[in-house]
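Q: Sharing structure.cif (mmCIF, C-alpha atoms) below.
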```
data_protein
loop_
_atom_site.label_atom_id
_atom_site.label_comp_id
_atom_site.auth_asym_id
_atom_site.auth_seq_id
_atom_site.Cartn_x
_atom_site.Cartn_y
_atom_site.Cartn_z
CA MET I 9 6.53 -50.33 -80.39
CA LYS I 10 7.67 -53.43 -82.18
CA ASN I 11 9.30 -56.09 -80.06
CA GLU I 12 12.95 -57.02 -80.40
CA SER I 13 12.61 -60.06 -82.63
CA ALA I 14 10.31 -58.21 -85.04
CA ILE I 15 12.90 -55.41 -85.29
CA TYR I 16 15.61 -58.00 -85.85
CA GLU I 17 13.57 -59.60 -88.65
CA GLU I 18 13.02 -56.21 -90.29
CA HIS I 19 16.78 -55.45 -90.11
CA LEU I 20 17.57 -58.85 -91.64
CA GLU I 21 15.03 -58.36 -94.42
CA TYR I 22 16.46 -54.94 -95.34
CA ALA I 23 20.02 -56.33 -95.15
CA ARG I 24 19.12 -59.18 -97.54
CA ASP I 25 17.45 -56.67 -99.83
CA LEU I 26 20.56 -54.44 -99.70
CA VAL I 27 22.85 -57.31 -100.66
CA LYS I 28 20.46 -58.25 -103.46
CA GLN I 29 20.45 -54.71 -104.86
CA LEU I 30 24.23 -54.37 -104.58
CA GLU I 31 24.83 -57.73 -106.29
CA ALA I 32 22.40 -56.69 -109.03
CA GLY I 33 24.41 -53.48 -109.44
CA ASP I 34 21.37 -51.31 -108.72
CA ARG I 35 23.07 -48.47 -106.78
CA GLU I 36 19.92 -46.34 -106.54
CA SER I 37 17.80 -49.09 -105.01
CA ALA I 38 20.69 -50.10 -102.76
CA ASP I 39 20.94 -46.51 -101.47
CA LYS I 40 17.21 -46.44 -100.79
CA VAL I 41 17.46 -49.65 -98.72
CA LEU I 42 20.49 -48.24 -96.88
CA CYS I 43 18.43 -45.14 -96.02
CA LYS I 44 15.61 -47.28 -94.67
CA LEU I 45 18.06 -49.30 -92.58
CA THR I 46 19.59 -46.10 -91.13
CA LYS I 47 16.16 -44.67 -90.31
CA LEU I 48 15.24 -47.92 -88.57
CA HIS I 49 18.37 -47.72 -86.47
CA GLU I 50 17.93 -44.04 -85.63
CA SER I 51 14.29 -44.37 -84.68
CA GLY I 52 15.27 -47.01 -82.15
CA MET I 53 17.91 -44.68 -80.75
CA TYR I 54 15.57 -41.66 -80.61
CA HIS I 55 12.99 -43.74 -78.91
CA GLU I 56 15.50 -44.81 -76.26
CA MET I 57 16.65 -41.20 -75.73
CA GLY I 58 13.07 -40.00 -75.47
CA LYS I 59 12.43 -42.60 -72.83
CA LEU I 60 15.49 -41.52 -70.82
CA THR I 61 14.65 -37.83 -71.08
CA ARG I 62 11.14 -38.47 -69.85
CA GLU I 63 12.44 -40.46 -66.90
CA LEU I 64 14.98 -37.79 -65.96
CA HIS I 65 12.35 -35.10 -66.22
CA ASP I 66 9.97 -37.06 -64.01
CA THR I 67 12.69 -37.71 -61.45
CA LEU I 68 13.72 -34.08 -61.36
CA SER I 69 10.11 -32.94 -61.05
CA ASN I 70 9.57 -35.30 -58.16
CA PHE I 71 12.81 -34.20 -56.59
CA GLN I 72 11.93 -30.52 -56.83
CA PHE I 73 8.65 -30.97 -55.08
CA ASP I 74 10.00 -33.28 -52.45
CA SER I 75 8.91 -31.52 -49.29
CA LYS I 76 12.26 -32.26 -47.74
CA VAL I 77 14.02 -30.00 -50.22
CA ILE I 78 11.54 -27.18 -49.74
CA ASP I 79 11.83 -27.52 -45.99
CA PHE I 80 15.59 -27.29 -46.17
CA ALA I 81 15.59 -24.28 -48.45
CA GLU I 82 12.88 -22.34 -46.67
CA HIS I 83 13.37 -23.21 -43.03
CA GLU I 84 16.27 -25.38 -42.01
CA ILE I 85 19.11 -23.64 -43.81
CA PRO I 86 18.06 -20.10 -42.89
CA ASP I 87 17.62 -21.38 -39.33
CA ALA I 88 21.11 -22.85 -39.39
CA LYS I 89 22.56 -19.53 -40.57
CA ASP I 90 20.76 -17.72 -37.79
CA ARG I 91 22.07 -20.20 -35.28
CA LEU I 92 25.62 -19.76 -36.46
CA ASN I 93 25.32 -15.99 -36.26
CA TYR I 94 23.86 -16.35 -32.79
CA ILE I 95 26.85 -18.45 -31.81
CA ILE I 96 29.18 -15.68 -32.92
CA ALA I 97 27.19 -13.18 -30.85
CA LEU I 98 27.13 -15.41 -27.78
CA THR I 99 30.81 -16.19 -27.83
CA GLU I 100 31.64 -12.53 -28.33
CA GLN I 101 29.45 -11.58 -25.37
CA ALA I 102 31.07 -14.20 -23.16
CA ALA I 103 34.55 -13.08 -24.17
CA ASN I 104 33.71 -9.45 -23.43
CA LYS I 105 32.17 -10.23 -20.05
CA THR I 106 35.25 -12.20 -19.12
CA LEU I 107 37.64 -9.51 -20.33
CA THR I 108 35.78 -6.84 -18.39
CA ALA I 109 36.01 -8.88 -15.20
CA VAL I 110 39.71 -9.47 -15.81
CA GLU I 111 40.41 -5.81 -16.60
CA GLU I 112 38.74 -4.79 -13.36
CA THR I 113 40.40 -7.41 -11.22
CA ILE I 114 44.01 -7.05 -12.30
CA PRO I 115 44.35 -3.44 -11.05
CA ILE I 116 42.70 -4.45 -7.78
CA CYS I 117 45.31 -7.18 -7.24
CA GLU I 118 48.11 -4.84 -8.26
CA GLY I 119 46.87 -2.22 -5.85
CA LEU I 120 46.68 -4.66 -2.97
CA GLY I 121 50.17 -5.98 -3.73
CA LYS I 122 51.71 -2.55 -3.97
CA LYS I 123 50.16 -1.41 -0.73
CA ALA I 124 51.31 -4.58 1.03
CA ASN I 125 54.87 -3.91 -0.14
CA GLY I 126 54.74 -0.37 1.18
CA ILE I 127 53.50 -1.53 4.56
CA ASN I 128 56.04 -4.34 4.59
CA ASP I 129 58.91 -1.87 4.19
CA GLU I 130 57.68 0.08 7.19
CA TRP I 131 57.12 -3.13 9.13
CA LYS I 132 60.69 -4.27 8.50
CA ARG I 133 61.91 -0.96 9.86
CA PHE I 134 59.74 -1.52 12.92
CA MET I 135 61.12 -5.02 13.42
CA SER I 136 64.67 -3.66 13.32
CA LYS I 137 63.58 -1.09 15.88
CA ASP I 138 64.02 1.65 13.33
CA LEU I 139 60.59 3.25 13.74
CA SER I 140 59.72 6.20 15.95
CA ALA I 141 56.62 6.07 18.13
CA GLY I 142 54.85 8.52 15.90
CA GLU I 143 55.77 6.57 12.77
CA PHE I 144 54.59 3.37 14.45
CA ARG I 145 51.18 4.88 15.27
CA SER I 146 50.91 5.94 11.65
CA LEU I 147 51.87 2.44 10.51
CA ALA I 148 49.31 0.87 12.85
CA ARG I 149 46.58 3.03 11.34
CA GLU I 150 47.70 2.14 7.80
CA ILE I 151 47.63 -1.56 8.63
CA GLY I 152 44.13 -1.23 10.05
CA VAL I 153 42.90 0.51 6.90
CA TYR I 154 44.67 -2.00 4.73
CA LEU I 155 43.10 -5.00 6.45
CA GLU I 156 39.63 -3.56 5.88
CA ASN I 157 40.59 -2.83 2.30
CA ILE I 158 41.62 -6.42 1.69
CA ALA I 159 38.28 -7.64 2.95
CA SER I 160 36.26 -5.41 0.63
CA GLU I 161 38.55 -5.87 -2.34
CA SER I 162 38.40 -9.62 -1.89
CA SER I 163 34.64 -9.43 -2.27
CA ARG I 164 35.03 -7.47 -5.47
CA ILE I 165 37.55 -9.95 -6.81
CA LYS I 166 35.27 -12.83 -5.93
CA ALA I 167 32.30 -11.14 -7.61
CA ASN I 168 34.34 -10.62 -10.77
CA LEU I 169 35.47 -14.22 -10.76
CA ASN I 170 31.85 -15.30 -10.42
CA ASP I 171 31.02 -13.22 -13.47
CA VAL I 172 33.73 -15.09 -15.35
CA LEU I 173 32.30 -18.38 -14.12
CA ILE I 174 28.79 -17.65 -15.31
CA ALA I 175 30.07 -16.27 -18.61
CA GLN I 176 31.28 -19.77 -19.48
CA ASP I 177 27.67 -20.85 -20.00
CA PHE I 178 28.15 -19.90 -23.64
CA GLN I 179 29.79 -23.26 -24.22
CA ASP I 180 26.67 -25.20 -23.35
CA LEU I 181 24.34 -22.89 -25.29
CA THR I 182 26.49 -22.72 -28.40
CA GLY I 183 27.23 -26.43 -28.18
CA GLN I 184 23.53 -27.27 -28.38
CA SER I 185 23.09 -25.04 -31.41
CA ILE I 186 26.15 -26.45 -33.12
CA ARG I 187 24.85 -29.98 -32.69
CA ARG I 188 21.67 -29.01 -34.50
CA VAL I 189 23.59 -27.52 -37.39
CA ILE I 190 25.64 -30.70 -37.63
CA LEU I 191 22.42 -32.71 -37.89
CA LEU I 192 21.19 -30.45 -40.66
CA VAL I 193 24.45 -30.74 -42.59
CA HIS I 194 24.21 -34.51 -42.23
CA ASP I 195 20.64 -34.51 -43.59
CA ILE I 196 21.66 -32.38 -46.56
CA GLU I 197 24.58 -34.70 -47.19
CA GLU I 198 22.26 -37.72 -47.27
CA MET I 199 19.87 -35.92 -49.57
CA LEU I 200 22.62 -35.03 -52.02
CA ILE I 201 23.97 -38.57 -52.03
CA ASN I 202 20.49 -39.81 -52.86
CA PHE I 203 20.16 -37.27 -55.63
CA ILE I 204 23.44 -38.38 -57.17
CA ARG I 205 22.33 -41.99 -56.94
CA ILE I 206 18.94 -41.35 -58.50
CA THR I 207 20.14 -39.30 -61.44
CA GLY I 208 23.14 -41.53 -62.01
CA ARG I 209 20.96 -44.50 -63.03
CA LYS I 210 18.11 -44.83 -65.56
CA SER I 211 15.17 -45.70 -63.37
CA GLU I 212 15.86 -46.31 -59.77
CA PRO I 213 13.04 -46.20 -57.21
CA ASP I 214 13.64 -43.65 -54.45
CA THR I 215 15.18 -45.78 -51.72
CA SER I 216 16.16 -42.88 -49.48
CA ALA I 217 15.93 -43.58 -45.77
CA PRO I 218 12.76 -42.45 -43.97
CA ARG I 219 12.94 -38.86 -42.72
CA ARG I 220 14.70 -38.68 -39.37
CA ASN I 221 12.18 -38.17 -36.62
CA LYS I 222 12.66 -34.52 -35.83
CA SER I 223 12.98 -33.76 -32.19
CA LYS I 224 10.39 -31.23 -31.14
CA LEU I 225 12.94 -29.69 -28.76
CA GLU I 226 14.36 -26.42 -29.94
CA GLY I 227 17.24 -25.69 -27.64
CA PRO I 228 18.30 -22.12 -26.92
CA GLN I 229 16.10 -19.58 -28.68
CA ILE I 230 17.80 -17.11 -31.01
CA PRO I 231 16.86 -13.61 -29.85
CA GLY I 232 14.70 -11.86 -32.42
CA LYS I 233 13.81 -15.17 -34.03
CA GLU I 234 11.97 -16.83 -31.18
CA SER I 235 9.17 -19.22 -32.04
CA ALA I 236 5.76 -18.20 -30.88
CA ASP I 237 4.92 -19.43 -27.41
CA VAL I 238 8.39 -18.94 -26.03
CA MET I 239 9.09 -17.61 -22.59
CA SER I 240 11.71 -14.95 -23.19
CA CYS I 241 13.01 -14.65 -19.65
CA GLN I 242 12.90 -16.20 -16.19
CA ASP I 243 10.12 -13.82 -15.10
CA ASP I 244 7.87 -15.10 -17.89
CA VAL I 245 8.57 -18.67 -16.83
CA ASP I 246 7.74 -17.81 -13.23
CA ASP I 247 4.51 -16.07 -14.27
CA LEU I 248 3.42 -19.04 -16.37
CA LEU I 249 4.12 -21.48 -13.55
CA SER I 250 2.23 -19.43 -10.99
CA SER I 251 -0.69 -19.02 -13.35
CA LEU I 252 -0.87 -22.80 -13.51
CA GLY I 253 -0.86 -22.98 -9.75
CA PHE I 254 2.73 -24.14 -9.30
CA MET Y 24 16.98 -26.52 4.25
CA ASP Y 25 20.04 -28.55 5.13
CA LYS Y 26 22.99 -27.36 3.08
CA SER Y 27 24.85 -30.59 3.60
CA MET Y 28 22.23 -32.38 1.51
CA LYS Y 29 23.55 -34.41 -1.40
CA VAL Y 30 22.82 -32.80 -4.76
CA LEU Y 31 22.95 -34.60 -8.12
CA ILE Y 32 23.70 -32.35 -11.11
CA VAL Y 33 22.73 -33.78 -14.51
CA ASP Y 34 23.71 -32.11 -17.81
CA ASP Y 35 25.40 -33.45 -20.93
CA PHE Y 36 27.71 -30.42 -21.11
CA SER Y 37 30.44 -30.70 -18.50
CA THR Y 38 31.01 -26.93 -18.50
CA MET Y 39 27.43 -26.38 -17.38
CA ARG Y 40 27.77 -28.99 -14.62
CA ARG Y 41 30.91 -27.23 -13.47
CA ILE Y 42 29.21 -23.83 -13.41
CA ILE Y 43 26.29 -25.12 -11.38
CA LYS Y 44 28.60 -26.98 -9.01
CA ASN Y 45 30.57 -23.80 -8.34
CA LEU Y 46 27.43 -21.73 -7.84
CA LEU Y 47 26.13 -24.29 -5.37
CA ARG Y 48 29.44 -24.24 -3.52
CA ASP Y 49 29.10 -20.49 -3.28
CA LEU Y 50 25.66 -20.94 -1.73
CA GLY Y 51 27.07 -23.37 0.82
CA PHE Y 52 26.23 -26.67 -0.89
CA ASN Y 53 29.45 -28.64 -0.94
CA ASN Y 54 28.06 -32.12 -1.30
CA THR Y 55 27.54 -32.58 -5.03
CA VAL Y 56 27.77 -35.41 -7.56
CA GLU Y 57 27.40 -35.28 -11.33
CA ALA Y 58 25.97 -37.32 -14.20
CA ASP Y 59 26.04 -36.61 -17.92
CA ASP Y 60 22.65 -38.11 -18.87
CA GLY Y 61 19.32 -39.37 -17.53
CA ASN Y 62 20.59 -42.91 -18.04
CA THR Y 63 23.72 -42.42 -15.94
CA ALA Y 64 21.76 -40.45 -13.36
CA LEU Y 65 19.23 -43.18 -12.59
CA PRO Y 66 21.57 -45.69 -10.94
CA ILE Y 67 22.93 -42.88 -8.75
CA LEU Y 68 19.40 -41.88 -7.76
CA LYS Y 69 18.42 -45.46 -7.02
CA THR Y 70 21.11 -45.72 -4.33
CA GLY Y 71 18.78 -43.47 -2.37
CA SER Y 72 21.56 -41.13 -1.28
CA ILE Y 73 20.46 -38.08 -3.30
CA ASP Y 74 18.41 -35.37 -1.58
CA PHE Y 75 18.04 -32.93 -4.46
CA LEU Y 76 18.13 -33.36 -8.25
CA ILE Y 77 19.10 -30.59 -10.66
CA THR Y 78 18.74 -31.61 -14.30
CA ASP Y 79 18.96 -30.31 -17.86
CA TRP Y 80 16.23 -31.28 -20.37
CA ASN Y 81 17.93 -31.87 -23.70
CA MET Y 82 20.28 -34.85 -23.30
CA PRO Y 83 21.13 -37.49 -25.88
CA GLY Y 84 20.31 -40.72 -23.99
CA MET Y 85 17.44 -40.10 -21.60
CA GLN Y 86 16.06 -36.59 -21.57
CA GLY Y 87 15.47 -34.62 -18.39
CA ILE Y 88 11.69 -34.77 -18.73
CA ASP Y 89 11.82 -38.57 -18.91
CA LEU Y 90 14.18 -38.69 -15.95
CA LEU Y 91 11.71 -36.56 -14.02
CA LYS Y 92 8.80 -38.82 -14.97
CA THR Y 93 10.76 -41.92 -14.04
CA VAL Y 94 11.63 -40.41 -10.67
CA ARG Y 95 8.03 -39.48 -9.93
CA ALA Y 96 6.87 -42.95 -10.94
CA ASP Y 97 9.29 -44.69 -8.59
CA PRO Y 98 7.83 -45.00 -5.07
CA GLU Y 99 11.30 -44.71 -3.54
CA LEU Y 100 12.07 -41.48 -5.41
CA ALA Y 101 8.65 -39.91 -5.95
CA THR Y 102 9.09 -37.11 -3.40
CA LEU Y 103 12.60 -36.12 -4.48
CA PRO Y 104 12.84 -32.35 -5.09
CA VAL Y 105 13.66 -31.71 -8.74
CA LEU Y 106 14.86 -28.48 -10.33
CA MET Y 107 15.17 -28.21 -14.12
CA VAL Y 108 17.81 -25.91 -15.57
CA THR Y 109 17.45 -25.80 -19.33
CA ALA Y 110 17.51 -23.79 -22.53
CA GLU Y 111 14.06 -25.16 -23.45
CA SER Y 112 11.72 -22.22 -23.03
CA LYS Y 113 8.60 -23.08 -25.00
CA ARG Y 114 5.31 -22.82 -23.15
CA GLU Y 115 4.32 -26.43 -23.81
CA GLN Y 116 7.63 -27.66 -22.45
CA ILE Y 117 7.23 -25.73 -19.21
CA VAL Y 118 3.67 -26.93 -18.81
CA GLU Y 119 4.73 -30.50 -19.44
CA ALA Y 120 7.45 -30.25 -16.79
CA ALA Y 121 5.08 -28.68 -14.30
CA GLN Y 122 2.48 -31.36 -14.88
CA ALA Y 123 5.15 -34.04 -14.54
CA GLY Y 124 5.86 -32.70 -11.07
CA VAL Y 125 8.97 -30.55 -11.38
CA ASN Y 126 9.57 -28.34 -8.32
CA GLY Y 127 11.33 -25.51 -10.14
CA TYR Y 128 12.22 -24.47 -13.70
CA ILE Y 129 15.13 -22.19 -14.62
CA VAL Y 130 15.83 -21.11 -18.20
CA LYS Y 131 19.37 -20.67 -19.53
CA PRO Y 132 21.17 -18.33 -19.53
CA PHE Y 133 20.60 -17.74 -15.83
CA ASN Y 134 22.42 -16.01 -13.02
CA ALA Y 135 23.49 -16.93 -9.51
CA THR Y 136 20.69 -14.96 -7.87
CA THR Y 137 18.01 -16.85 -9.78
CA LEU Y 138 19.51 -20.18 -8.77
CA LYS Y 139 19.62 -19.14 -5.11
CA GLU Y 140 16.02 -17.89 -5.13
CA LYS Y 141 14.59 -20.93 -6.84
CA ILE Y 142 16.37 -23.37 -4.55
CA GLU Y 143 15.21 -21.47 -1.48
CA LYS Y 144 11.67 -21.39 -2.80
CA ILE Y 145 11.64 -25.13 -3.49
CA PHE Y 146 12.65 -25.99 0.05
CA GLU Y 147 10.43 -23.34 1.60
CA ARG Y 148 7.46 -25.05 -0.02
CA ILE Y 149 8.59 -28.53 0.91
CA GLU Y 150 9.12 -27.57 4.51
CA ALA Y 151 5.83 -25.68 4.76
#
```
Go ahead and express the file in the form of structure tokens.

A:
Amino acid sequence: MKNESAIYEEHLEYARDLVKQLEAGDRESADKVLCKLTKLHESGMYHEMGKLTRELHDTLSNFQFDSKVIDFAEHEIPDAKDRLNYIIALTEQAANKTLTAVEETIPICEGLGKKANGINDEWKRFMSKDLSAGEFRSLAREIGVYLENIASESSRIKANLNDVLIAQDFQDLTGQSIRRVILLVHDIEEMLINFIRITGRKSEPDTSAPRRNKSKLEGPQIPGKESADVMSCQDDVDDLLSSLGF
Amino acid sequence: MDKSMKVLIVDDFSTMRRIIKNLLRDLGFNNTVEADDGNTALPILKTGSIDFLITDWNMPGMQGIDLLKTVRADPELATLPVLMVTAESKREQIVEAAQAGVNGYIVKPFNATTLKEKIEKIFERIEA
């Protein structure tokens, strides 16, 4: 490819020639020179376009085979979708466990309250000396039964409340998964910004930041999608530990 | 096993710390303190007042495994009983924790019975 000053000289020569032909009144020759000038100009332009196209093609090819992109498409994004679905499942489970405990406990409390009111009415009659001996014996028995009832029902209520307590563990488990998805979204965002930067300029070296050091921790396993080598329940963990002598 | 022992609960999710605290209270352990990371846990441990450490693994500042290793490396803390309660369930993780000297390992989600059994087992062994 000719250098700039040579091109300039060629343009100047043709321009002088054009003026000469025009002044001499030779339209045909003048047209021929004009054609040559145009071709000179266009070839420069085509050359520039060709160069740009090649660069863009190279950049896109490199981009496509960037392992980051493949990793995102084949592993990270499907994993993120699975995690989000898992979060829906976990939160639903927790909500249901809690609702069940609540639905069981409310009637228990209502029952205890109602019974207490009944006994209270009788007791008031007793206190205003309005109860016969027979009625009092009956009341005494009722109170005895009721006191035992309270004790056992209290245990049930407590057990249900404990279920509600444990059910709140979803927040920790889903929170860990959500954090990972946020990291992924952030990585994709960075990648896209880079892409825009690279294709927005003619030839820019890839200055993207080094790949974030991926933590080898995985957090809660998604059921059905567990990695190999995962202990799926406490019993497995216990077995592994005892096999190691712990 | 003295239930008045001071227990330090370490987890970056406050809901999890709260759950464990309540479960411990139910088991008779009323003397608990909390920390949200290995880094914030260390100064508390160094005061020497903690008798039992329950920690998560995955925490942003200092992870549970590193906290465990730091504890075992410190002559003042080396014999402190440590129980890990974590969602990390990969074989290599469990092995690493065991080799680093953890006394018990519970995977999330867990239930109250598991917590009770593991704690009892830890102290049974220590007292044996």

Q: What gap, in Å, lies between atom CA of Ser185 of chain I and atom CA of Thr55 of chain Y?

A: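 Taking atom CA of Ser185 of chain I and atom CA of Thr55 of chain Y, their separation equals 27.8 Å.
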
Q: Go through I:His49, I:Met57, I:Asn170, I:Ser140 one by one, measure the shortest atom-to-atom distance of each to Arg48 of chain Y using all atoms listed in the file, and give the residue with the smallest value.

A: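 Closest candidate: I:Asn170.
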
Q: Determine the residue set returned by the PyMOL selection byres ((chain I) within 12 of (chain Y)) for the present structure, and present it as a ChimeraX atom specification.

A: /I:98,102,166-167,169-185,187-188,223-230,234-254

Q: Identify the residues around (25.9, -29.5, -1.3) within a radius of 10 Å, measuring from all atoms listed in the file in the coordinates stated by the file, and give them as a list in words.

A: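 Checking each residue against the 10 Å limit leaves Asp25, Lys26, Ser27, Met28, Lys29, Val30, Leu31, Lys44, Leu47, Arg48, Asp49, Leu50, Gly51, Phe52, Asn53, Asn54, Thr55, Val56, Asp74 and Phe75 of chain Y.
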
Q: For Gly71 of chain Y, which residue among Y:Glu99, Y:Ile145, Y:Ile32, Y:Leu138 is the nearest when counting all atoms listed in the file?

A: Y:Glu99

Q: When you count all atoms listed in the file, which of these residues is closest to Glu140 of chain Y: Y:Lys92, Y:Leu106, Y:Glu57, Y:Thr63?

A: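 Result for the nearest residue to Glu140 of chain Y: Y:Leu106.
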
Q: Between atom CA of Gly61 of chain Y and atom CA of Ile149 of chain Y, what is the distance in Å, rounded to a tenth?

A: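 Separation between atom CA of Gly61 of chain Y and atom CA of Ile149 of chain Y: 23.9 Å.
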
Q: Using only C-alpha atoms, pick whichever of I:Glu84, I:Glu161, I:Glu17, I:Glu130 has the shortest atom-to-atom distance to Cys117 of chain I.

A: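 Once distances to Cys117 of chain I are computed over only C-alpha atoms, the minimum belongs to I:Glu161.
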
Q: As an exercise, work out the distance from atom CA of Ile165 of chain I to atom CA of Val33 of chain Y in Å and give it to one decimal place.

A: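 Separation of atom CA of Ile165 of chain I and atom CA of Val33 of chain Y: 29.1 Å.
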
Q: How would segment 148-167 of chain I look with N, CA and C atoms restored, written as a compact mmCIF listing (two decimals), in the frame of the given file?

A:
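In the end it all went to out.txt:
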```txt
# COMPACT_ATOMS: atom_id res chain seq x y z
N ALA I 148 50.43 1.65 12.29
CA ALA I 148 49.31 0.87 12.85
C ALA I 148 48.00 1.24 12.17
N ARG I 149 47.82 2.57 12.00
CA ARG I 149 46.58 3.03 11.34
C ARG I 149 46.51 2.49 9.91
N GLU I 150 47.64 2.62 9.20
CA GLU I 150 47.70 2.14 7.80
C GLU I 150 47.34 0.66 7.70
N ILE I 151 47.92 -0.11 8.65
CA ILE I 151 47.63 -1.56 8.63
C ILE I 151 46.15 -1.80 8.84
N GLY I 152 45.56 -1.08 9.78
CA GLY I 152 44.13 -1.23 10.05
C GLY I 152 43.31 -0.97 8.80
N VAL I 153 43.62 0.15 8.13
CA VAL I 153 42.90 0.51 6.90
C VAL I 153 43.09 -0.57 5.84
N TYR I 154 44.36 -1.01 5.75
CA TYR I 154 44.67 -2.00 4.73
C TYR I 154 43.90 -3.30 4.94
N LEU I 155 43.82 -3.74 6.18
CA LEU I 155 43.10 -5.00 6.45
C LEU I 155 41.63 -4.89 6.03
N GLU I 156 41.03 -3.74 6.31
CA GLU I 156 39.63 -3.56 5.88
C GLU I 156 39.54 -3.56 4.35
N ASN I 157 40.51 -2.89 3.76
CA ASN I 157 40.59 -2.83 2.30
C ASN I 157 40.63 -4.22 1.67
N ILE I 158 41.49 -5.06 2.24
CA ILE I 158 41.62 -6.42 1.69
C ILE I 158 40.27 -7.11 1.71
N ALA I 159 39.58 -6.97 2.83
CA ALA I 159 38.28 -7.64 2.95
C ALA I 159 37.33 -7.19 1.84
N SER I 160 37.23 -5.87 1.64
CA SER I 160 36.26 -5.41 0.63
C SER I 160 36.74 -5.70 -0.79
N GLU I 161 38.04 -5.58 -1.01
CA GLU I 161 38.55 -5.87 -2.34
C GLU I 161 38.42 -7.35 -2.67
N SER I 162 38.57 -8.18 -1.65
CA SER I 162 38.40 -9.62 -1.89
C SER I 162 36.99 -9.91 -2.38
N SER I 163 36.02 -9.23 -1.80
CA SER I 163 34.64 -9.43 -2.27
C SER I 163 34.50 -9.04 -3.72
N ARG I 164 35.12 -7.91 -4.07
CA ARG I 164 35.03 -7.47 -5.47
C ARG I 164 35.69 -8.49 -6.40
N ILE I 165 36.84 -8.98 -5.98
CA ILE I 165 37.55 -9.95 -6.81
C ILE I 165 36.69 -11.19 -6.98
N LYS I 166 36.11 -11.63 -5.87
CA LYS I 166 35.27 -12.83 -5.93
C LYS I 166 34.08 -12.61 -6.86
N ALA I 167 33.44 -11.44 -6.75
CA ALA I 167 32.30 -11.14 -7.61
C ALA I 167 32.70 -11.18 -9.08
```
